[in-house]
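Participant: File entry.tsv follows (TSV, C-alpha atoms):
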chain	number	residue	atom	x	y	z
V	99	MET	CA	-2.44	-1.40	-18.93
V	100	THR	CA	-4.48	0.31	-16.25
V	101	GLU	CA	-7.22	-1.00	-14.06
V	102	THR	CA	-9.98	0.90	-12.36
V	103	ARG	CA	-9.74	0.55	-8.65
V	104	SER	CA	-12.04	1.67	-5.93
V	105	VAL	CA	-11.75	1.70	-2.18
V	106	ILE	CA	-14.72	2.32	0.10
V	107	ILE	CA	-14.35	2.80	3.82
V	108	GLU	CA	-17.31	3.55	6.07
V	109	ARG	CA	-17.32	4.38	9.73
V	110	GLU	CA	-19.74	5.89	12.20
V	111	PHE	CA	-18.35	8.60	14.44
V	112	ALA	CA	-20.01	9.68	17.68
V	113	TYR	CA	-20.07	13.33	16.67
V	114	ALA	CA	-22.38	15.63	14.74
V	115	PRO	CA	-21.72	16.33	11.04
V	116	ASP	CA	-20.55	19.91	11.70
V	117	ARG	CA	-17.66	18.74	13.83
V	118	LEU	CA	-16.69	16.12	11.27
V	119	TRP	CA	-16.95	18.69	8.50
V	120	ARG	CA	-14.50	20.96	10.30
V	121	ALA	CA	-12.02	18.10	10.66
V	122	LEU	CA	-12.33	17.46	6.92
V	123	THR	CA	-11.99	21.06	5.76
V	124	GLN	CA	-9.78	23.08	8.13
V	125	PRO	CA	-6.09	22.78	7.16
V	126	HIS	CA	-4.69	22.52	10.69
V	127	LEU	CA	-7.25	19.83	11.52
V	128	ILE	CA	-6.68	17.96	8.23
V	129	GLU	CA	-2.99	17.92	9.08
V	130	ASP	CA	-3.79	16.37	12.44
V	131	TRP	CA	-5.42	13.24	11.03
V	132	LEU	CA	-4.40	13.09	7.37
V	133	MET	CA	-1.45	15.07	6.02
V	134	LYS	CA	0.13	18.51	5.81
V	135	ASN	CA	-1.81	20.59	3.31
V	136	ASP	CA	-2.86	23.95	1.90
V	137	PHE	CA	-6.49	22.99	1.48
V	138	ALA	CA	-9.33	25.50	1.08
V	139	PRO	CA	-13.00	24.51	0.77
V	140	GLN	CA	-13.49	26.10	-2.66
V	141	VAL	CA	-14.30	24.22	-5.84
V	142	GLY	CA	-11.35	24.49	-8.21
V	143	HIS	CA	-8.83	25.15	-5.45
V	144	ARG	CA	-5.59	23.29	-6.09
V	145	PHE	CA	-3.60	22.07	-3.15
V	146	ASN	CA	-1.00	19.53	-2.06
V	147	LEU	CA	-1.08	16.86	0.57
V	148	ARG	CA	2.38	16.12	1.90
V	149	GLY	CA	2.97	12.71	3.38
V	150	GLU	CA	5.41	11.85	6.11
V	151	TRP	CA	7.18	9.57	3.63
V	152	GLY	CA	8.09	12.63	1.51
V	153	GLY	CA	5.49	12.02	-1.19
V	154	VAL	CA	3.42	14.94	-2.45
V	155	LEU	CA	-0.12	14.47	-3.74
V	156	ASP	CA	-1.60	16.88	-6.27
V	157	CYS	CA	-5.21	17.67	-5.46
V	158	GLU	CA	-8.04	19.82	-6.76
V	159	VAL	CA	-11.31	20.43	-4.97
V	160	LEU	CA	-14.23	19.10	-7.00
V	161	VAL	CA	-17.28	19.19	-4.71
V	162	VAL	CA	-18.03	21.16	-1.54
V	163	GLU	CA	-21.47	20.66	0.00
V	164	PRO	CA	-21.06	21.69	3.64
V	165	GLU	CA	-21.66	18.88	6.13
V	166	ARG	CA	-22.66	16.53	3.29
V	167	THR	CA	-20.10	15.95	0.55
V	168	LEU	CA	-16.47	16.79	-0.05
V	169	SER	CA	-14.58	15.55	-3.07
V	170	TYR	CA	-11.12	16.18	-4.45
V	171	THR	CA	-8.65	14.65	-6.83
V	172	TRP	CA	-5.87	12.60	-5.31
V	173	ASN	CA	-3.07	12.32	-7.83
V	174	PHE	CA	0.42	11.04	-7.34
V	175	ALA	CA	2.88	11.81	-10.12
V	176	HIS	CA	5.88	9.55	-10.38
V	177	GLU	CA	8.68	9.68	-12.96
V	178	ASP	CA	8.08	5.98	-13.50
V	179	ALA	CA	4.65	5.73	-15.14
V	180	ALA	CA	4.09	2.41	-13.41
V	181	TYR	CA	3.71	4.24	-10.12
V	182	ASN	CA	1.43	7.03	-11.29
V	183	LEU	CA	-1.87	7.29	-9.54
V	184	GLU	CA	-4.86	9.36	-10.59
V	185	SER	CA	-7.86	9.11	-8.35
V	186	VAL	CA	-10.76	10.97	-6.81
V	187	VAL	CA	-11.55	10.90	-3.11
V	188	THR	CA	-15.13	11.56	-2.02
V	189	PHE	CA	-16.29	11.95	1.57
V	190	THR	CA	-20.00	11.62	2.24
V	191	LEU	CA	-21.49	12.51	5.64
V	192	THR	CA	-24.82	11.13	6.80
V	193	PRO	CA	-26.33	12.01	10.19
V	194	THR	CA	-27.27	9.01	12.32
V	195	ALA	CA	-28.99	8.60	15.69
V	196	ASN	CA	-25.65	8.52	17.46
V	197	GLY	CA	-23.53	10.80	15.32
V	198	THR	CA	-22.38	10.76	11.73
V	199	ARG	CA	-21.64	8.04	9.23
V	200	LEU	CA	-18.62	8.90	7.11
V	201	ARG	CA	-18.14	7.16	3.81
V	202	MET	CA	-14.87	7.58	1.95
V	203	GLU	CA	-14.65	6.37	-1.60
V	204	GLN	CA	-11.42	6.55	-3.53
V	205	ALA	CA	-11.96	5.76	-7.16
V	206	GLY	CA	-9.70	6.01	-10.12
V	207	PHE	CA	-6.88	4.45	-11.94
V	208	ALA	CA	-3.84	2.81	-10.55
V	209	THR	CA	-1.45	1.35	-13.02
V	210	THR	CA	-1.31	-2.27	-12.15
V	211	GLN	CA	1.81	-3.15	-10.27
V	212	LYS	CA	2.26	-6.14	-12.51
V	213	GLN	CA	3.52	-3.69	-15.12
V	214	ALA	CA	6.39	-2.90	-12.80
V	215	PHE	CA	7.38	-6.54	-12.87
V	216	GLY	CA	8.79	-5.94	-16.33
V	217	GLY	CA	6.17	-7.47	-18.56
V	218	ALA	CA	3.45	-10.04	-18.49
V	219	HIS	CA	4.80	-13.12	-16.80
V	220	ALA	CA	2.25	-15.89	-16.78
V	221	GLY	CA	4.08	-17.26	-13.75
V	222	TRP	CA	3.13	-14.29	-11.67
V	223	LYS	CA	-0.51	-15.17	-11.28
V	224	THR	CA	0.30	-18.66	-10.07
V	225	PHE	CA	3.03	-17.34	-7.84
V	226	LEU	CA	0.76	-14.84	-6.15
V	227	GLU	CA	-1.95	-17.48	-5.70
V	228	ASN	CA	0.54	-19.87	-4.14
V	229	LEU	CA	1.86	-17.13	-1.99
V	230	ASP	CA	-1.59	-16.36	-0.62
V	231	GLN	CA	-1.85	-19.95	0.55
V	232	VAL	CA	1.64	-19.93	1.98
V	233	LEU	CA	1.05	-16.71	3.85
V	234	ALA	CA	-2.29	-17.98	5.17
V	235	LYS	CA	-0.51	-20.99	6.62
V	236	LEU	CA	2.11	-18.82	8.25
V	237	GLY	CA	-0.68	-16.88	9.96
A	75	MET	CA	2.47	4.65	-2.50
A	76	GLN	CA	5.60	2.98	-3.75
A	77	THR	CA	9.16	3.49	-2.66
A	78	ALA	CA	12.39	2.93	-4.54
A	79	SER	CA	12.83	-0.39	-2.76
A	80	ALA	CA	9.75	-1.68	-4.57
A	81	HIS	CA	11.87	-1.84	-7.72
A	82	THR	CA	14.39	-4.07	-5.96
A	83	LEU	CA	11.56	-6.27	-4.78
A	84	PHE	CA	9.91	-6.55	-8.18
A	85	SER	CA	13.13	-7.34	-9.99
A	86	ALA	CA	14.11	-9.87	-7.33
A	87	LEU	CA	10.82	-11.67	-7.85
A	88	GLY	CA	10.87	-11.19	-11.63
A	89	ASP	CA	12.99	-14.30	-12.03
A	90	PRO	CA	11.15	-17.66	-11.92
A	91	THR	CA	14.05	-19.46	-10.22
A	92	ARG	CA	14.17	-16.86	-7.48
A	93	ARG	CA	10.41	-17.05	-7.05
A	94	ALA	CA	10.70	-20.83	-6.70
A	95	ILE	CA	13.46	-20.48	-4.10
A	96	PHE	CA	11.44	-17.95	-2.15
A	97	GLU	CA	8.29	-20.10	-2.27
A	98	ARG	CA	10.26	-23.07	-1.02
A	99	LEU	CA	11.67	-21.09	1.90
A	100	CYS	CA	8.13	-19.97	2.74
A	101	ARG	CA	6.92	-23.58	2.75
A	102	GLU	CA	9.87	-25.35	4.34
A	103	GLY	CA	11.33	-22.79	6.70
A	104	GLU	CA	15.07	-22.35	7.11
A	105	LEU	CA	17.35	-23.95	4.52
A	106	THR	CA	21.04	-23.83	3.64
A	107	VAL	CA	22.37	-23.06	0.15
A	108	TRP	CA	23.11	-26.77	-0.33
A	109	MET	CA	19.62	-27.84	0.64
A	110	ILE	CA	18.18	-25.38	-1.87
A	111	THR	CA	20.58	-26.30	-4.68
A	112	GLY	CA	19.30	-29.82	-5.42
A	113	PRO	CA	15.66	-29.21	-6.41
A	114	ALA	CA	16.37	-25.75	-7.84
A	115	GLY	CA	18.05	-27.40	-10.84
A	116	VAL	CA	20.85	-24.86	-10.89
A	117	SER	CA	24.42	-24.76	-9.63
A	118	GLN	CA	25.38	-23.76	-6.12
A	119	PRO	CA	27.02	-20.46	-7.22
A	120	ALA	CA	23.84	-19.62	-9.14
A	121	VAL	CA	21.72	-20.33	-6.07
A	122	SER	CA	24.02	-18.11	-4.00
A	123	LYS	CA	23.60	-15.34	-6.54
A	124	HIS	CA	19.81	-15.67	-6.44
A	125	LEU	CA	19.86	-15.65	-2.64
A	126	LYS	CA	21.91	-12.46	-2.73
A	127	ALA	CA	19.25	-10.76	-4.89
A	128	LEU	CA	16.49	-12.01	-2.58
A	129	LYS	CA	18.45	-10.79	0.43
A	130	GLU	CA	18.88	-7.32	-1.07
A	131	ALA	CA	15.13	-7.14	-1.55
A	132	GLY	CA	14.68	-8.14	2.10
A	133	LEU	CA	12.87	-11.32	1.06
A	134	VAL	CA	15.28	-13.70	2.77
A	135	VAL	CA	17.21	-13.32	5.99
A	136	PRO	CA	20.52	-15.14	6.49
A	137	ARG	CA	21.59	-16.68	9.77
A	138	ARG	CA	25.17	-17.80	10.19
A	139	GLU	CA	25.66	-21.07	12.08
A	140	GLY	CA	29.21	-22.40	12.15
A	141	ARG	CA	30.42	-22.65	8.58
A	142	GLU	CA	26.98	-22.63	7.10
A	143	THR	CA	24.49	-19.91	6.39
A	144	HIS	CA	20.83	-20.71	6.82
A	145	TYR	CA	18.24	-18.71	4.94
A	146	ARG	CA	14.64	-18.10	5.88
A	147	ALA	CA	11.87	-16.26	4.03
A	148	GLU	CA	10.73	-12.85	5.25
A	149	PRO	CA	7.13	-12.55	3.99
A	150	LYS	CA	6.81	-9.04	5.45
A	151	ALA	CA	9.08	-7.80	2.65
A	152	LEU	CA	6.23	-8.53	0.25
A	153	THR	CA	4.20	-5.62	1.52
A	154	PRO	CA	4.69	-3.49	-1.63
A	155	LEU	CA	3.20	-6.34	-3.61
A	156	VAL	CA	-0.05	-6.22	-1.75
A	157	ASP	CA	-2.85	-5.09	-3.96
A	158	TRP	CA	-3.38	-1.33	-4.24
A	159	THR	CA	-6.93	-1.58	-2.95
A	160	HIS	CA	-5.70	-3.42	0.10
A	161	ASP	CA	-3.01	-0.83	0.72
A	162	MET	CA	-5.33	2.11	0.36
A	163	ALA	CA	-8.06	0.54	2.50
A	164	ARG	CA	-5.56	0.05	5.28
A	165	PHE	CA	-4.27	3.59	4.78
A	166	TRP	CA	-7.77	5.00	5.24
A	167	GLU	CA	-8.59	2.78	8.22
A	168	VAL	CA	-5.53	4.14	10.02
A	169	ARG	CA	-6.45	7.71	9.00
A	170	PHE	CA	-9.99	7.20	10.29
A	171	ASP	CA	-8.57	6.09	13.63
A	172	ALA	CA	-6.60	9.34	13.73
A	173	LEU	CA	-9.71	11.28	12.73
A	174	ASP	CA	-11.71	9.73	15.56
A	175	ASP	CA	-8.94	10.68	17.95
A	176	LEU	CA	-8.95	14.26	16.65
A	177	LEU	CA	-12.76	14.56	16.97
A	178	LYS	CA	-12.47	13.65	20.65
A	179	ARG	CA	-9.92	16.41	21.20
A	180	MET	CA	-11.77	19.11	19.26
A	181	ASP	CA	-13.66	21.88	21.03
A	182	GLN	CA	-17.41	21.64	20.85
Have the structure of the file written as structure tokens, please.

Facilitator:
Amino acid sequence: MTETRSVIIEREFAYAPDRLWRALTQPHLIEDWLMKNDFAPQVGHRFNLRGEWGGVLDCEVLVVEPERTLSYTWNFAHEDAAYNLESVVTFTLTPTANGTRLRMEQAGFATTQKQAFGGAHAGWKTFLENLDQVLAKLG
Amino acid sequence: MQTASAHTLFSALGDPTRRAIFERLCREGELTVWMITGPAGVSQPAVSKHLKALKEAGLVVPRREGRETHYRAEPKALTPLVDWTHDMARFWEVRFDALDDLLKRMDQ
């Protein structure tokens, strides 16, 4: 059982697209804000992103349109299928009056964590709903 | 991204009795084993066993007072349960903060 998930984050930065593009595509700069990597801005280039937690992401460059669009796969292989993640990350840059709007969309499939609970427990839905309320009260 | 401890968390919460105990601790605050035993509909040793599993998952925190141990819920331990979208959105927000910081430091 998999579900399509998508995350979209948008932010305006007070810098021109060329500066942002460098931060997104030069390995030593990518490492500074994202993760250690062996990225190269070439379609088809395969690389890894290495997280501080020890996890390694398998990536492949899909789209390179300088100062406009950068897209690559963002896959996390785990021996337990329930934790596998296959997704695509796309950065879109749009110039604005004050700088650049950066939109990051991560789309793909994440095996639902409910699978990791060891089967479909009807009780889970209720539990999670209750929990939301409880946590809201706790602040 | 998940860690090995997520398995402990999921299995701890995979049992309806344990979920009920955890929910109750969230609602009512600190309770002793005896206070939990009544409404849980199970024996005191069984409750103790469930509390042990919850404790291993970091979901409850014991506090010794005299001869009795009081347990309270630790909602922060639920973090791996938070929806993937939520997790990733937060991940990217933090990364974007770091990106903004980098852009400031970069040469023109």

Participant: Hey, can you check how far atom CA of Leu160 of chain V sits from atom CA of Glu108 of chain V?

Facilitator: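 For atom CA of Leu160 of chain V relative to atom CA of Glu108 of chain V, the distance reads 20.5 Å.
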
Participant: Between atom CA of Arg117 of chain V and atom CA of Trp131 of chain V, what distance in Å does the model show, to one decimal?

Facilitator: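 A separation of 13.7 Å between them.
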
Participant: Between V:Phe111, V:Tyr170, V:Ile106, V:Ser185, which one has atoms that come closest to Arg199 of chain V, using all atoms listed in the file?

Facilitator: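 Selected residue with least distance to Arg199 of chain V: V:Phe111.
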
Participant: Please write out, as lines of an AutoDock Vina configuration file, where the centre of an axis-aligned box around all listed atoms of segment 108-116 of chain V lies and how long its edges are, in Å to one decimal, after adding 5 Å on each side.

Facilitator:
center_x = -19.8
center_y = 11.7
center_z = 11.9
size_x = 15.1
size_y = 26.4
size_z = 21.6

Participant: Determine the nearest neighbour of chain A from the options V:Leu168, V:Val105, V:Val186, V:Ala205, counting only C-alpha atoms.

Facilitator: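 Of the candidates, the smallest distance to chain A is held by V:Val105.
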
Participant: Contacts of Pro125 of chain V at 7 Å or less, counting all atoms listed in the file, minus same-chain residues fewer than 6 places along, as JSON, numbers by chain?

Facilitator: {"V": [135, 136, 137]}

Participant: Rank nothing, just name the residue among A:Glu104, A:Glu142, A:Asp174, A:Glu148 nearest to chain V, using all atoms listed in the file.

Facilitator: A:Asp174

Participant: Do you know which residues are at most 8 Å from Val141 of chain V counting all atoms listed in the file, after dropping those on the same chain fewer than 6 positions away, and could you put them as a VMD selection string?

Facilitator: chain V and resid 158 to 162

Participant: Find the residue from V:Phe145, V:Phe174, V:Tyr113, V:Trp119 that sits nearest to Ala195 of chain V; use all atoms listed in the file when measuring.

Facilitator: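 Comparing V:Phe145, V:Phe174, V:Tyr113, V:Trp119 against Ala195 of chain V, the winner is V:Tyr113.
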
Participant: What would segment 90-113 of chain A look like with N, CA and C atoms in place, written as a PDB file, in the frame of the given file?

Facilitator:
ATOM      1  N   PRO A  90      11.895 -16.468 -12.376  1.00  0.00           N
ATOM      2  CA  PRO A  90      11.150 -17.660 -11.920  1.00  0.00           C
ATOM      3  C   PRO A  90      11.947 -18.535 -10.941  1.00  0.00           C
ATOM      4  N   THR A  91      13.250 -18.637 -11.140  1.00  0.00           N
ATOM      5  CA  THR A  91      14.050 -19.460 -10.220  1.00  0.00           C
ATOM      6  C   THR A  91      14.040 -18.838  -8.828  1.00  0.00           C
ATOM      7  N   ARG A  92      14.180 -17.527  -8.783  1.00  0.00           N
ATOM      8  CA  ARG A  92      14.170 -16.860  -7.480  1.00  0.00           C
ATOM      9  C   ARG A  92      12.802 -16.982  -6.808  1.00  0.00           C
ATOM     10  N   ARG A  93      11.750 -16.886  -7.620  1.00  0.00           N
ATOM     11  CA  ARG A  93      10.410 -17.050  -7.050  1.00  0.00           C
ATOM     12  C   ARG A  93      10.270 -18.438  -6.436  1.00  0.00           C
ATOM     13  N   ALA A  94      10.798 -19.441  -7.179  1.00  0.00           N
ATOM     14  CA  ALA A  94      10.700 -20.830  -6.700  1.00  0.00           C
ATOM     15  C   ALA A  94      11.480 -20.992  -5.394  1.00  0.00           C
ATOM     16  N   ILE A  95      12.645 -20.390  -5.322  1.00  0.00           N
ATOM     17  CA  ILE A  95      13.460 -20.480  -4.100  1.00  0.00           C
ATOM     18  C   ILE A  95      12.714 -19.822  -2.936  1.00  0.00           C
ATOM     19  N   PHE A  96      12.158 -18.666  -3.207  1.00  0.00           N
ATOM     20  CA  PHE A  96      11.440 -17.950  -2.150  1.00  0.00           C
ATOM     21  C   PHE A  96      10.222 -18.742  -1.670  1.00  0.00           C
ATOM     22  N   GLU A  97       9.472 -19.296  -2.629  1.00  0.00           N
ATOM     23  CA  GLU A  97       8.290 -20.100  -2.270  1.00  0.00           C
ATOM     24  C   GLU A  97       8.687 -21.275  -1.382  1.00  0.00           C
ATOM     25  N   ARG A  98       9.805 -21.901  -1.762  1.00  0.00           N
ATOM     26  CA  ARG A  98      10.260 -23.070  -1.020  1.00  0.00           C
ATOM     27  C   ARG A  98      10.640 -22.692   0.406  1.00  0.00           C
ATOM     28  N   LEU A  99      11.305 -21.553   0.555  1.00  0.00           N
ATOM     29  CA  LEU A  99      11.670 -21.090   1.900  1.00  0.00           C
ATOM     30  C   LEU A  99      10.417 -20.760   2.715  1.00  0.00           C
ATOM     31  N   CYS A 100       9.395 -20.259   2.048  1.00  0.00           N
ATOM     32  CA  CYS A 100       8.130 -19.970   2.740  1.00  0.00           C
ATOM     33  C   CYS A 100       7.508 -21.270   3.248  1.00  0.00           C
ATOM     34  N   ARG A 101       7.554 -22.300   2.411  1.00  0.00           N
ATOM     35  CA  ARG A 101       6.920 -23.580   2.750  1.00  0.00           C
ATOM     36  C   ARG A 101       7.721 -24.367   3.771  1.00  0.00           C
ATOM     37  N   GLU A 102       9.053 -24.403   3.572  1.00  0.00           N
ATOM     38  CA  GLU A 102       9.870 -25.350   4.340  1.00  0.00           C
ATOM     39  C   GLU A 102      10.664 -24.729   5.475  1.00  0.00           C
ATOM     40  N   GLY A 103      10.591 -23.438   5.611  1.00  0.00           N
ATOM     41  CA  GLY A 103      11.330 -22.790   6.700  1.00  0.00           C
ATOM     42  C   GLY A 103      12.775 -22.550   6.331  1.00  0.00           C
ATOM     43  N   GLU A 104      13.659 -22.674   7.328  1.00  0.00           N
ATOM     44  CA  GLU A 104      15.070 -22.350   7.110  1.00  0.00           C
ATOM     45  C   GLU A 104      15.800 -23.434   6.323  1.00  0.00           C
ATOM     46  N   LEU A 105      16.573 -23.009   5.323  1.00  0.00           N
ATOM     47  CA  LEU A 105      17.350 -23.950   4.520  1.00  0.00           C
ATOM     48  C   LEU A 105      18.737 -23.377   4.251  1.00  0.00           C
ATOM     49  N   THR A 106      19.695 -24.284   4.022  1.00  0.00           N
ATOM     50  CA  THR A 106      21.040 -23.830   3.640  1.00  0.00           C
ATOM     51  C   THR A 106      21.109 -23.765   2.111  1.00  0.00           C
ATOM     52  N   VAL A 107      22.170 -23.152   1.602  1.00  0.00           N
ATOM     53  CA  VAL A 107      22.370 -23.060   0.150  1.00  0.00           C
ATOM     54  C   VAL A 107      22.361 -24.455  -0.474  1.00  0.00           C
ATOM     55  N   TRP A 108      23.014 -25.406   0.207  1.00  0.00           N
ATOM     56  CA  TRP A 108      23.110 -26.770  -0.330  1.00  0.00           C
ATOM     57  C   TRP A 108      21.755 -27.450  -0.395  1.00  0.00           C
ATOM     58  N   MET A 109      20.948 -27.231   0.627  1.00  0.00           N
ATOM     59  CA  MET A 109      19.620 -27.840   0.640  1.00  0.00           C
ATOM     60  C   MET A 109      18.742 -27.275  -0.478  1.00  0.00           C
ATOM     61  N   ILE A 110      18.973 -26.022  -0.816  1.00  0.00           N
ATOM     62  CA  ILE A 110      18.180 -25.380  -1.870  1.00  0.00           C
ATOM     63  C   ILE A 110      18.662 -25.839  -3.241  1.00  0.00           C
ATOM     64  N   THR A 111      19.972 -26.029  -3.382  1.00  0.00           N
ATOM     65  CA  THR A 111      20.580 -26.300  -4.680  1.00  0.00           C
ATOM     66  C   THR A 111      19.973 -27.494  -5.425  1.00  0.00           C
ATOM     67  N   GLY A 112      19.812 -28.608  -4.752  1.00  0.00           N
ATOM     68  CA  GLY A 112      19.300 -29.820  -5.420  1.00  0.00           C
ATOM     69  C   GLY A 112      18.067 -29.571  -6.271  1.00  0.00           C
ATOM     70  N   PRO A 113      16.910 -29.338  -5.651  1.00  0.00           N
ATOM     71  CA  PRO A 113      15.660 -29.210  -6.410  1.00  0.00           C
ATOM     72  C   PRO A 113      15.603 -27.979  -7.302  1.00  0.00           C
TER      73      PRO A 113
END
